[in-house]
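K.L.:
What follows is final.cif; its format and atoms are mmCIF, C-alpha atoms.
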data_start
loop_
_atom_site.label_atom_id
_atom_site.label_comp_id
_atom_site.auth_asym_id
_atom_site.auth_seq_id
_atom_site.Cartn_x
_atom_site.Cartn_y
_atom_site.Cartn_z
CA MET A 1 -37.70 -18.92 -2.28
CA SER A 2 -37.38 -21.39 0.60
CA ALA A 3 -39.40 -24.04 -1.23
CA ASP A 4 -36.72 -24.12 -3.93
CA LEU A 5 -33.82 -24.59 -1.51
CA PRO A 6 -32.71 -28.13 -0.65
CA ARG A 7 -31.94 -29.33 2.84
CA VAL A 8 -28.18 -29.19 3.24
CA LEU A 9 -25.98 -30.95 5.79
CA TRP A 10 -22.95 -28.76 6.47
CA LYS A 11 -20.23 -30.99 7.92
CA ASN A 12 -17.06 -30.34 9.93
CA ALA A 13 -17.59 -26.67 10.74
CA ARG A 14 -16.14 -24.69 13.62
CA LEU A 15 -19.26 -22.75 14.67
CA LEU A 16 -18.62 -19.46 16.46
CA PRO A 17 -20.60 -19.47 19.71
CA ALA A 18 -22.16 -16.25 21.01
CA GLY A 19 -19.96 -14.73 23.68
CA TRP A 20 -16.83 -16.61 22.54
CA GLN A 21 -13.95 -15.87 24.91
CA GLY A 22 -10.96 -17.49 23.26
CA ARG A 23 -11.45 -21.17 23.98
CA PRO A 24 -10.75 -23.69 21.17
CA ILE A 25 -13.80 -24.49 19.06
CA GLY A 26 -14.51 -28.10 18.19
CA LEU A 27 -16.16 -29.44 15.05
CA SER A 28 -19.92 -29.45 14.55
CA ASP A 29 -22.40 -30.32 11.84
CA PHE A 30 -25.53 -28.34 11.06
CA VAL A 31 -28.49 -28.61 8.73
CA THR A 32 -30.19 -25.82 6.81
CA ALA A 33 -33.76 -26.40 5.67
CA GLY A 34 -34.83 -23.73 3.24
CA GLU A 35 -34.07 -20.35 4.75
CA ARG A 36 -33.49 -21.48 8.35
CA ILE A 37 -31.17 -23.56 10.48
CA ALA A 38 -32.90 -26.84 11.31
CA TRP A 39 -30.34 -28.71 13.42
CA VAL A 40 -26.94 -28.19 15.06
CA GLY A 41 -24.95 -30.96 16.71
CA PRO A 42 -21.83 -33.13 16.85
CA PRO A 43 -20.26 -34.53 13.68
CA GLY A 44 -22.19 -37.52 12.41
CA GLY A 45 -24.99 -36.96 14.92
CA ALA A 46 -27.74 -35.61 12.70
CA PRO A 47 -31.00 -37.40 13.53
CA GLY A 48 -32.85 -39.23 10.80
CA ASP A 49 -35.48 -36.54 10.41
CA ALA A 50 -32.70 -33.98 9.81
CA GLY A 51 -31.50 -35.82 6.74
CA ALA A 52 -30.42 -33.57 3.91
CA ALA A 53 -30.59 -33.74 0.14
CA GLN A 54 -27.08 -32.33 -0.16
CA GLU A 55 -23.88 -32.40 1.87
CA GLN A 56 -21.14 -29.79 2.10
CA ASP A 57 -17.90 -30.67 3.91
CA LEU A 58 -16.35 -27.47 5.30
CA GLY A 59 -13.13 -29.17 6.28
CA GLY A 60 -12.76 -27.52 9.68
CA MET A 61 -13.27 -23.97 8.46
CA LEU A 62 -14.72 -21.35 10.78
CA VAL A 63 -18.41 -20.47 10.41
CA THR A 64 -19.79 -17.26 11.90
CA PRO A 65 -23.20 -15.65 11.67
CA GLY A 66 -23.45 -13.33 8.69
CA LEU A 67 -21.84 -10.05 9.70
CA VAL A 68 -24.05 -7.01 10.28
CA ASP A 69 -22.92 -3.46 9.49
CA CYS A 70 -25.40 -1.49 11.57
CA HIS A 71 -24.27 2.09 10.83
CA THR A 72 -23.39 3.24 7.30
CA HIS A 73 -23.90 6.23 5.03
CA LEU A 74 -23.37 4.06 1.97
CA VAL A 75 -25.21 6.28 -0.53
CA PHE A 76 -23.57 9.60 -1.40
CA GLY A 77 -22.27 11.56 -4.36
CA GLY A 78 -18.63 12.43 -4.98
CA ASP A 79 -15.89 12.00 -2.41
CA ARG A 80 -13.69 14.19 -0.22
CA ALA A 81 -10.27 12.76 -0.98
CA ASP A 82 -8.91 16.19 -1.90
CA GLU A 83 -10.06 17.56 1.46
CA PHE A 84 -8.26 14.69 3.15
CA ALA A 85 -5.06 15.73 1.39
CA LEU A 86 -5.59 19.36 2.43
CA ARG A 87 -6.02 18.36 6.08
CA LEU A 88 -2.74 16.44 5.90
CA GLN A 89 -1.13 19.69 4.76
CA GLY A 90 -2.51 21.52 7.79
CA ALA A 91 -5.81 22.98 6.56
CA SER A 92 -8.48 23.15 9.27
CA TYR A 93 -12.08 22.03 8.90
CA GLU A 94 -13.09 25.71 9.06
CA GLU A 95 -10.75 26.62 6.19
CA ILE A 96 -12.05 23.74 4.10
CA ALA A 97 -15.65 24.71 4.86
CA ARG A 98 -14.97 28.31 3.76
CA ARG A 99 -13.78 26.91 0.44
CA GLY A 100 -17.12 25.15 0.01
CA GLY A 101 -15.95 21.81 1.32
CA GLY A 102 -17.05 19.60 4.19
CA ILE A 103 -20.51 18.12 4.36
CA VAL A 104 -21.84 20.92 2.15
CA SER A 105 -19.74 19.60 -0.73
CA THR A 106 -21.19 16.11 -0.28
CA VAL A 107 -24.72 17.53 -0.15
CA ARG A 108 -24.08 19.43 -3.35
CA ALA A 109 -22.62 16.38 -5.10
CA THR A 110 -25.41 14.09 -3.91
CA ARG A 111 -28.08 16.50 -5.08
CA GLU A 112 -26.44 16.75 -8.49
CA THR A 113 -25.75 13.02 -9.01
CA PRO A 114 -28.46 11.07 -10.91
CA GLU A 115 -30.12 8.22 -9.03
CA ASP A 116 -28.72 5.51 -11.28
CA VAL A 117 -25.19 6.83 -10.81
CA LEU A 118 -25.65 6.93 -7.03
CA PHE A 119 -26.88 3.35 -7.21
CA GLY A 120 -23.85 2.15 -9.17
CA GLN A 121 -21.41 3.86 -6.82
CA ALA A 122 -23.12 2.52 -3.70
CA LEU A 123 -23.31 -0.97 -5.20
CA ARG A 124 -19.49 -1.13 -5.37
CA ARG A 125 -19.29 -0.25 -1.68
CA LEU A 126 -21.93 -2.80 -0.79
CA ASP A 127 -20.16 -5.51 -2.76
CA ALA A 128 -16.95 -4.82 -0.84
CA LEU A 129 -18.83 -5.38 2.42
CA ARG A 130 -20.48 -8.55 1.12
CA ALA A 131 -17.11 -10.01 0.14
CA GLU A 132 -16.16 -9.83 3.82
CA GLY A 133 -19.14 -11.77 5.11
CA VAL A 134 -21.77 -9.04 5.52
CA THR A 135 -25.36 -10.25 5.08
CA ALA A 136 -27.19 -7.23 6.55
CA VAL A 137 -26.51 -3.51 6.44
CA GLU A 138 -28.11 -0.30 7.61
CA ILE A 139 -28.05 2.61 5.14
CA LYS A 140 -28.78 6.17 6.25
CA SER A 141 -29.86 9.12 4.19
CA GLY A 142 -28.68 12.58 5.26
CA TYR A 143 -26.67 13.94 2.34
CA GLY A 144 -29.68 15.39 0.56
CA LEU A 145 -31.22 17.61 3.23
CA ASP A 146 -34.16 18.26 0.96
CA LEU A 147 -37.13 16.05 0.22
CA THR A 148 -36.18 15.27 -3.37
CA THR A 149 -32.65 14.11 -2.60
CA GLU A 150 -33.46 12.32 0.65
CA ARG A 151 -36.10 10.39 -1.30
CA LYS A 152 -33.53 9.62 -4.01
CA MET A 153 -31.04 8.29 -1.45
CA LEU A 154 -33.58 6.06 0.29
CA ARG A 155 -34.84 4.73 -3.03
CA VAL A 156 -31.26 3.77 -3.90
CA ALA A 157 -30.93 2.00 -0.55
CA ARG A 158 -34.07 -0.02 -1.23
CA ARG A 159 -32.80 -0.88 -4.72
CA LEU A 160 -29.53 -2.16 -3.27
CA GLY A 161 -31.45 -4.65 -1.15
CA GLU A 162 -33.29 -5.83 -4.25
CA ALA A 163 -30.17 -6.07 -6.42
CA ARG A 164 -28.06 -8.13 -4.01
CA PRO A 165 -28.79 -10.97 -1.56
CA VAL A 166 -28.35 -8.77 1.50
CA THR A 167 -30.82 -7.38 4.05
CA VAL A 168 -30.96 -3.58 3.90
CA ALA A 169 -32.52 -1.49 6.67
CA THR A 170 -33.08 2.17 5.82
CA THR A 171 -32.72 5.07 8.22
CA PHE A 172 -33.96 8.60 7.57
CA LEU A 173 -31.28 11.07 8.75
CA GLY A 174 -32.74 14.30 7.49
CA ALA A 175 -31.50 15.98 10.68
CA HIS A 176 -27.85 15.33 9.80
CA ALA A 177 -26.75 18.91 9.19
CA LEU A 178 -28.22 22.29 8.38
CA PRO A 179 -28.53 22.79 4.61
CA PRO A 180 -27.22 26.07 3.18
CA GLU A 181 -30.68 27.35 2.31
CA TYR A 182 -31.65 27.16 6.01
CA ALA A 183 -28.54 28.92 7.36
CA GLY A 184 -29.42 30.55 10.68
CA ARG A 185 -32.85 28.87 10.75
CA ALA A 186 -32.24 25.52 12.43
CA ASP A 187 -35.66 25.40 14.08
CA ASP A 188 -37.37 25.98 10.74
CA TYR A 189 -35.38 23.18 9.17
CA VAL A 190 -36.19 20.75 12.00
CA ALA A 191 -39.87 21.60 11.53
CA HIS A 192 -39.50 20.83 7.81
CA VAL A 193 -37.83 17.49 8.62
CA CYS A 194 -40.59 16.53 11.08
CA ASP A 195 -43.68 17.91 9.35
CA VAL A 196 -42.89 17.49 5.65
CA MET A 197 -39.99 15.17 4.88
CA LEU A 198 -40.56 12.39 7.39
CA PRO A 199 -44.30 11.93 6.74
CA ALA A 200 -43.79 11.92 2.97
CA LEU A 201 -40.94 9.40 3.02
CA ASP A 202 -42.61 7.17 5.58
CA ASP A 203 -45.85 7.15 3.56
CA GLU A 204 -43.82 5.96 0.58
CA GLY A 205 -42.46 3.01 2.58
CA LEU A 206 -38.86 4.22 2.48
CA VAL A 207 -38.16 4.55 6.21
CA ASP A 208 -37.40 1.78 8.71
CA ALA A 209 -35.94 4.02 11.43
CA VAL A 210 -35.11 7.67 12.13
CA ASP A 211 -31.77 9.14 13.23
CA VAL A 212 -30.60 12.60 14.33
CA PHE A 213 -27.14 14.11 14.80
CA CYS A 214 -27.32 15.51 18.34
CA GLU A 215 -24.16 17.54 18.69
CA SER A 216 -22.80 21.06 19.10
CA VAL A 217 -22.16 21.14 15.34
CA GLY A 218 -25.47 19.41 14.60
CA PHE A 219 -28.75 19.82 16.49
CA ASP A 220 -29.29 20.57 20.15
CA LEU A 221 -31.25 18.47 22.64
CA ARG A 222 -34.51 20.33 22.13
CA GLN A 223 -34.32 20.07 18.34
CA SER A 224 -33.24 16.43 18.52
CA GLU A 225 -36.20 15.59 20.75
CA ARG A 226 -38.56 17.10 18.18
CA VAL A 227 -37.23 14.60 15.65
CA LEU A 228 -37.60 11.69 18.08
CA GLU A 229 -41.15 12.77 18.92
CA ALA A 230 -42.06 12.96 15.23
CA ALA A 231 -40.72 9.44 14.67
CA ALA A 232 -42.58 8.11 17.71
CA ARG A 233 -45.87 9.56 16.47
CA ARG A 234 -45.47 7.47 13.34
CA GLY A 235 -44.46 4.33 15.22
CA LEU A 236 -40.90 4.37 13.89
CA ARG A 237 -37.85 3.20 15.85
CA VAL A 238 -35.13 5.76 16.53
CA LYS A 239 -31.35 6.01 16.72
CA MET A 240 -29.01 8.87 17.51
CA HIS A 241 -25.53 10.14 16.67
CA ALA A 242 -24.62 11.11 20.24
CA GLU A 243 -21.76 12.26 22.47
CA GLN A 244 -19.18 12.20 19.67
CA LEU A 245 -17.62 15.59 20.29
CA SER A 246 -19.23 16.85 23.49
CA PRO A 247 -21.20 15.46 26.46
CA MET A 248 -24.62 16.84 25.58
CA GLY A 249 -26.80 14.13 27.14
CA GLY A 250 -28.01 12.86 23.78
CA ALA A 251 -27.61 9.20 24.68
CA ALA A 252 -29.87 9.56 27.72
CA LEU A 253 -32.44 11.38 25.57
CA ALA A 254 -32.29 8.63 22.96
CA ALA A 255 -32.73 6.00 25.67
CA ARG A 256 -35.81 7.83 26.95
CA TYR A 257 -37.38 7.17 23.54
CA GLY A 258 -36.35 3.49 23.54
CA ALA A 259 -33.70 4.02 20.86
CA LEU A 260 -32.29 1.02 19.08
CA SER A 261 -28.84 2.53 19.43
CA ALA A 262 -26.76 5.54 20.34
CA ASP A 263 -23.69 5.82 18.13
CA HIS A 264 -20.12 7.22 18.44
CA LEU A 265 -20.21 7.89 22.24
CA GLU A 266 -16.64 9.06 22.88
CA CYS A 267 -17.99 11.60 25.40
CA LEU A 268 -20.61 9.35 27.02
CA ASP A 269 -20.86 9.61 30.83
CA GLU A 270 -22.08 7.07 33.40
CA ALA A 271 -25.57 8.59 33.59
CA GLY A 272 -25.93 8.02 29.86
CA VAL A 273 -24.63 4.47 30.16
CA LEU A 274 -27.17 3.69 32.88
CA ALA A 275 -30.00 5.17 30.82
CA MET A 276 -29.00 3.05 27.84
CA ARG A 277 -28.86 -0.06 30.00
CA ARG A 278 -32.37 0.52 31.35
CA ALA A 279 -33.76 1.11 27.85
CA GLY A 280 -31.91 -1.75 26.14
CA THR A 281 -30.22 0.73 23.81
CA VAL A 282 -27.12 -0.63 22.05
CA ALA A 283 -23.84 1.31 22.09
CA VAL A 284 -22.57 1.43 18.50
CA LEU A 285 -18.87 2.29 18.39
CA LEU A 286 -17.28 3.55 15.18
CA PRO A 287 -13.51 2.98 15.26
CA GLY A 288 -13.08 4.07 11.65
CA ALA A 289 -14.20 7.62 12.40
CA PHE A 290 -12.14 7.62 15.62
CA TYR A 291 -9.06 6.67 13.61
CA PHE A 292 -9.67 8.92 10.62
CA LEU A 293 -10.26 11.99 12.80
CA ARG A 294 -7.27 11.17 15.02
CA GLU A 295 -9.45 11.28 18.12
CA LYS A 296 -7.80 10.93 21.53
CA ARG A 297 -10.76 10.37 23.85
CA LEU A 298 -11.81 6.71 23.88
CA PRO A 299 -15.42 5.61 24.29
CA PRO A 300 -16.06 4.46 27.89
CA ILE A 301 -15.60 0.75 27.20
CA ASP A 302 -15.17 -0.20 30.85
CA LEU A 303 -18.36 1.62 31.88
CA LEU A 304 -20.31 -0.09 29.12
CA ARG A 305 -18.93 -3.47 30.19
CA ARG A 306 -19.58 -2.86 33.87
CA HIS A 307 -23.22 -1.99 33.31
CA GLY A 308 -23.88 -4.66 30.69
CA VAL A 309 -24.68 -2.40 27.74
CA PRO A 310 -24.39 -4.35 24.46
CA ILE A 311 -21.57 -2.99 22.29
CA ALA A 312 -21.81 -3.10 18.50
CA LEU A 313 -19.29 -2.05 15.85
CA ALA A 314 -19.86 -0.61 12.39
CA THR A 315 -17.91 0.92 9.52
CA ASP A 316 -19.71 4.31 9.52
CA CYS A 317 -18.88 4.28 5.79
CA ASN A 318 -19.10 7.92 4.70
CA PRO A 319 -17.06 10.29 2.52
CA GLY A 320 -15.90 12.68 5.23
CA THR A 321 -14.84 10.85 8.37
CA SER A 322 -14.78 7.10 7.66
CA PRO A 323 -14.32 6.16 4.00
CA ALA A 324 -14.20 2.50 4.97
CA THR A 325 -15.84 -0.55 3.44
CA SER A 326 -14.21 -3.22 5.62
CA LEU A 327 -16.00 -4.46 8.71
CA LEU A 328 -13.05 -6.78 9.36
CA LEU A 329 -10.80 -3.73 9.62
CA MET A 330 -13.18 -2.41 12.27
CA LEU A 331 -12.61 -5.63 14.23
CA ASN A 332 -8.89 -4.97 14.20
CA MET A 333 -9.32 -1.32 15.13
CA ALA A 334 -11.70 -2.16 17.98
CA ALA A 335 -9.10 -4.53 19.39
CA THR A 336 -6.06 -2.31 18.88
CA LEU A 337 -7.56 1.15 19.51
CA PHE A 338 -10.39 0.39 21.94
CA ARG A 339 -8.78 -2.64 23.66
CA MET A 340 -11.84 -4.80 23.09
CA THR A 341 -11.38 -8.56 23.16
CA VAL A 342 -11.81 -10.50 19.93
CA GLY A 343 -14.94 -12.09 21.38
CA GLU A 344 -16.43 -8.68 22.20
CA ALA A 345 -15.59 -7.41 18.74
CA LEU A 346 -17.16 -10.43 17.03
CA ASP A 347 -20.33 -10.08 19.10
CA GLY A 348 -20.22 -6.44 18.03
CA VAL A 349 -20.58 -7.29 14.35
CA THR A 350 -23.05 -10.18 14.86
CA ARG A 351 -25.64 -10.44 17.64
CA HIS A 352 -25.18 -6.94 19.11
CA ALA A 353 -25.11 -5.33 15.68
CA ALA A 354 -28.29 -7.22 14.81
CA GLN A 355 -29.93 -5.80 17.94
CA ALA A 356 -28.88 -2.29 16.90
CA LEU A 357 -30.20 -2.88 13.38
CA GLY A 358 -33.62 -3.79 14.71
CA HIS A 359 -34.66 -5.76 11.63
CA PRO A 360 -37.00 -8.70 12.35
CA SER A 361 -35.16 -11.09 10.04
CA VAL A 362 -31.65 -10.39 11.33
CA THR A 363 -30.51 -12.03 14.59
CA GLY A 364 -26.74 -12.44 14.25
CA ARG A 365 -26.91 -15.94 15.75
CA LEU A 366 -26.26 -19.49 14.56
CA GLU A 367 -29.09 -21.30 16.32
CA VAL A 368 -31.90 -23.68 15.41
CA GLY A 369 -34.89 -21.82 14.05
CA HIS A 370 -32.89 -18.72 13.13
CA TRP A 371 -32.30 -17.56 9.57
CA ALA A 372 -29.55 -19.40 7.73
CA ASP A 373 -27.31 -16.34 7.34
CA PHE A 374 -23.66 -17.26 7.81
CA ALA A 375 -20.14 -16.78 6.52
CA VAL A 376 -17.47 -19.45 6.00
CA TRP A 377 -13.88 -18.43 6.70
CA ASP A 378 -10.51 -19.94 5.85
CA ALA A 379 -9.54 -19.72 9.51
CA ALA A 380 -9.24 -22.16 12.38
CA SER A 381 -9.63 -19.53 15.11
CA PRO A 382 -11.96 -16.51 15.33
CA ALA A 383 -8.96 -14.42 16.38
CA GLU A 384 -7.72 -14.58 12.78
CA LEU A 385 -10.62 -12.40 11.66
CA ALA A 386 -9.35 -9.51 13.78
CA TYR A 387 -5.66 -10.37 13.34
CA TRP A 388 -5.19 -10.29 9.57
CA VAL A 389 -5.45 -6.95 7.76
CA GLY A 390 -6.12 -7.07 4.04
CA LEU A 391 -5.78 -10.84 3.56
CA PRO A 392 -9.04 -12.24 2.14
CA ARG A 393 -10.37 -14.95 4.45
CA CYS A 394 -14.05 -15.20 3.50
CA ARG A 395 -14.72 -18.23 1.30
CA ARG A 396 -18.51 -18.28 1.14
CA VAL A 397 -21.49 -16.28 2.34
CA VAL A 398 -24.93 -17.85 2.73
CA ARG A 399 -28.03 -15.74 3.21
CA ARG A 400 -31.45 -17.23 3.84
CA GLY A 401 -30.03 -20.64 3.00
CA GLY A 402 -28.77 -19.71 -0.47
CA THR A 403 -25.22 -18.92 -1.52
CA ALA A 404 -24.81 -15.13 -1.70
CA PHE A 405 -21.07 -14.92 -2.34
CA THR A 406 -18.25 -17.33 -3.23
CA ALA A 407 -14.62 -16.31 -3.25
CA ARG A 408 -12.62 -16.94 -6.37
CA ALA A 409 -10.18 -19.84 -6.20
CA ASP A 410 -6.90 -19.08 -4.44
CA PRO A 411 -4.27 -18.79 -7.20
CA ALA A 412 -1.71 -20.29 -4.79
CA GLY A 413 -3.77 -23.46 -4.69
#
Go ahead and express the file in the form of structure tokens.

P.N.:
Amino acid sequence: MSADLPRVLWKNARLLPAGWQGRPIGLSDFVTAGERIAWVGPPGGAPGDAGAAQEQDLGGMLVTPGLVDCHTHLVFGGDRADEFALRLQGASYEEIARRGGGIVSTVRATRETPEDVLFGQALRRLDALRAEGVTAVEIKSGYGLDLTTERKMLRVARRLGEARPVTVATTFLGAHALPPEYAGRADDYVAHVCDVMLPALDDEGLVDAVDVFCESVGFDLRQSERVLEAAARRGLRVKMHAEQLSPMGGAALAARYGALSADHLECLDEAGVLAMRRAGTVAVLLPGAFYFLREKRLPPIDLLRRHGVPIALATDCNPGTSPATSLLLMLNMAATLFRMTVGEALDGVTRHAAQALGHPSVTGRLEVGHWADFAVWDAASPAELAYWVGLPRCRRVVRRGGTAFTARADPAG
């Protein structure tokens, strides 16, 4: 592909620097050569050997690295909008579950939905993310809870990465919940996940990483460690849903296995933060789920800052607790709900999210030698990306040096 791409001189861009802290951003030029960034410098300063076959004048628009959504459940059947309405009327999760709702309803719908239909539904969600500057996304399984359906979900995730110019990393989340057929037999199900499902799916090339829901309503520490051990035996990186509802010590366990990330973390304590820091494990915060569930306990932002743990943000797109397909909305929520700075939030959907994703071709940085994955925004200041809600700002997305998305012309001119 790169041999077919011309060298392009991108002029008059406001390039978002890593760790931006609110200072004005001056104009820069940069050159893309094939799939990578070849030069970055002052306007008009491109050296002779950086000459380009084409020029694009960005007119002072903001340019950020391509956004990275590092925690999604993008593939699932059905939805739970009716359950949402019932909760607004006062129904509890337990009442809804007794009616056959909750995650069991999504498992049932996902099992029953044909692969091509799942693909079409997930493609709409992916396209919504891409229109807001996303060039890389993680997609978890976990709504099949049997080998056939987990395989179907991961195949759909791979197909999405082939159908659109976006990097897709797949995560096997077989240990997401206990399927109905294993009621009362959690240990047996974990053994099935580790000894049957994971080897089969990994052998088929469908698994990039492994996740587990370590929680009082999910799997305990001992069961979660069995999943991490099984992944480690196969040389797979791990992640963990941890400390969302209770302080179980899951984040520290994940860190002990060198986890890419621990996610949610509302109940994370200082011991867990320190363990994550030592292991280089990223804290992935999910403000959409926090908002949708009306949570009151904030993640320990100050502890994470104090100990230098990288903080990433993601949509957690899923049918039950975060039916969100806007990473820009997560920027706003992180600022308003979690009191993160705009610079922290932007790092959270670029370089820190890339670290949590763990994909070799995704860095979340605009630097020489890195992949030419970037988004162009009709904005003079990065703060506008977290400030506006619902106003389209993304004008172009470039992935691997080629245009991946272009906004339609503004009817207002």

K.L.:
Applying 12 Å and all atoms listed in the file, which residues near Ala200 in chain A remain after dropping the ones on its own chain fewer than 6 positions away? List them as a PyMOL selection string.

P.N.:
chain A and resi 146-148+150-151+172+192-194+206-207+234

K.L.:
Compare A:Pro382, A:Gly77, A:Gly401, A:Gly19 by their minimum atom-to-atom distance to Gly144 in chain A, counting all atoms listed in the file, and give me the closest one.

P.N.:
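Looking at the shortest contact to Gly144 in chain A, the residue is A:Gly77.
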
K.L.:
For the PyMOL selection byres ((chain A and resi 257-264) around 6), applied here, can you spell out every residue it catches as a tab-separated table (two decimals) with C-alpha atoms, keeping the file's coordinate frame?

P.N.:
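For reference, part_9.tsv as written:
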chain	number	residue	atom	x	y	z
A	238	VAL	CA	-35.13	5.76	16.53
A	239	LYS	CA	-31.35	6.01	16.72
A	240	MET	CA	-29.01	8.87	17.51
A	241	HIS	CA	-25.53	10.14	16.67
A	242	ALA	CA	-24.62	11.11	20.24
A	244	GLN	CA	-19.18	12.20	19.67
A	251	ALA	CA	-27.61	9.20	24.68
A	254	ALA	CA	-32.29	8.63	22.96
A	255	ALA	CA	-32.73	6.00	25.67
A	256	ARG	CA	-35.81	7.83	26.95
A	265	LEU	CA	-20.21	7.89	22.24
A	266	GLU	CA	-16.64	9.06	22.88
A	279	ALA	CA	-33.76	1.11	27.85
A	281	THR	CA	-30.22	0.73	23.81
A	282	VAL	CA	-27.12	-0.63	22.05
A	283	ALA	CA	-23.84	1.31	22.09
A	284	VAL	CA	-22.57	1.43	18.50
A	285	LEU	CA	-18.87	2.29	18.39
A	286	LEU	CA	-17.28	3.55	15.18
A	356	ALA	CA	-28.88	-2.29	16.90

K.L.:
Rank A:Pro6, A:Gly34, A:Gly320, A:Pro180 by their smallest atom-to-atom distance to Gly369 in chain A, using all atoms listed in the file, and report the top residue only.

P.N.:
A:Gly34

K.L.:
Under the PyMOL selection byres ((chain A and resi 12) around 6), which residues of this model are included? Write them out as a PDB file with C-alpha atoms, in the frame of the given file.

P.N.:
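The new file result_39.pdb reads:
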ATOM      1  CA  LYS A  11     -20.230 -30.990   7.920  1.00  0.00           C
ATOM      2  CA  ALA A  13     -17.590 -26.670  10.740  1.00  0.00           C
ATOM      3  CA  LEU A  27     -16.160 -29.440  15.050  1.00  0.00           C
ATOM      4  CA  SER A  28     -19.920 -29.450  14.550  1.00  0.00           C
ATOM      5  CA  ASP A  29     -22.400 -30.320  11.840  1.00  0.00           C
ATOM      6  CA  LEU A  58     -16.350 -27.470   5.300  1.00  0.00           C
ATOM      7  CA  GLY A  59     -13.130 -29.170   6.280  1.00  0.00           C
ATOM      8  CA  GLY A  60     -12.760 -27.520   9.680  1.00  0.00           C
TER       9      GLY A  60
END

K.L.:
May I ask which of the residues A:Leu16, A:Glu138, A:Val342, A:Arg7 is the closest one to Arg36 in chain A, counting only C-alpha atoms?

P.N.:
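Checking each candidate against Arg36 in chain A, we get A:Arg7 as the closest.
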
K.L.:
Apply the PyMOL selection byres ((chain A and resi 65-75) around 8) to the file shown and report the selected residues as a PyMOL selection string.

P.N.:
chain A and resi 16+63-64+76-77+118-119+121-122+125-126+133-142+153+156-157+284+312-318+327+349-350+353-354+356-357+364-366+373-375+397-399

K.L.:
Box in all listed atoms of range 313-325 of chain A, axis-aligned, with 6 Å more on each side; write out centre and edge lengths in Å to one decimal as AutoDock Vina command-line options.

P.N.:
--center_x -17.0 --center_y 5.3 --center_z 9.2 --size_x 17.7 --size_y 26.7 --size_z 25.3

K.L.:
Extract, using all atoms listed in the file, all DNA, RNA and protein residues at most 9 Å from Ser381 in chain A, discarding same-chain residues fewer than 6 positions from it, and format them as JSON, numbers by chain.

P.N.:
{"A": [14, 22, 24, 25, 61, 62]}

K.L.:
Dump C-alpha atoms for the selected residues as a PDB file, in the frame of the given file?

P.N.:
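Output contents, as saved in selection36.pdb:
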ATOM      1  CA  ARG A  14     -16.140 -24.690  13.620  1.00  0.00           C
ATOM      2  CA  GLY A  22     -10.960 -17.490  23.260  1.00  0.00           C
ATOM      3  CA  PRO A  24     -10.750 -23.690  21.170  1.00  0.00           C
ATOM      4  CA  ILE A  25     -13.800 -24.490  19.060  1.00  0.00           C
ATOM      5  CA  MET A  61     -13.270 -23.970   8.460  1.00  0.00           C
ATOM      6  CA  LEU A  62     -14.720 -21.350  10.780  1.00  0.00           C
TER       7      LEU A  62
END

K.L.:
One decimal, Å: what's the distance from CA of Gln355 in chain A over to CA of Leu391 in chain A, could you say?

P.N.:
28.6 Å

K.L.:
So how far away is CA of Pro287 in chain A from CA of Met333 in chain A, in Å?

P.N.:
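That distance, rounded to one decimal, is 6.0 Å.
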
K.L.:
Can you measure CA of Ala46 in chain A to CA of His370 in chain A for me? One decimal in Å is fine.

P.N.:
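Computing the Euclidean distance for CA of Ala46 in chain A and CA of His370 in chain A yields 17.7 Å.
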
K.L.:
Got a sec: who's within 10 Å of range 219-228 of chain A, counting all atoms listed in the file, leaving out chain neighbours fewer than 4 positions off, as an MDAnalysis selection string?

P.N.:
chainID A and resid 173:178 186:187 189:191 193:195 198 210:215 232:233 236:240 248:250 253:254 256:259

K.L.:
Which residues, protein or nucleic acid, reach to within 7 Å of (-16.8, -0.3, -0.3) in the file's coordinates when using all atoms listed in the file, and can you give that as a PyMOL selection string?

P.N.:
chain A and resi 124-129+324-325

K.L.:
Name the closest residue to Ala97 in chain A among the candidates A:Asp188, A:Glu344, A:Asp302, A:Glu83; distances are taken between atoms, counting all atoms listed in the file.

P.N.:
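Checking each candidate against Ala97 in chain A, we get A:Glu83 as the closest.
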
K.L.:
May I ask which of the residues A:Tyr143, A:Tyr291, A:Trp20, A:Trp377 is the closest one to Arg395 in chain A, counting only C-alpha atoms?

P.N.:
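When distances to Arg395 in chain A are compared using only C-alpha atoms, the smallest one comes from A:Trp377.
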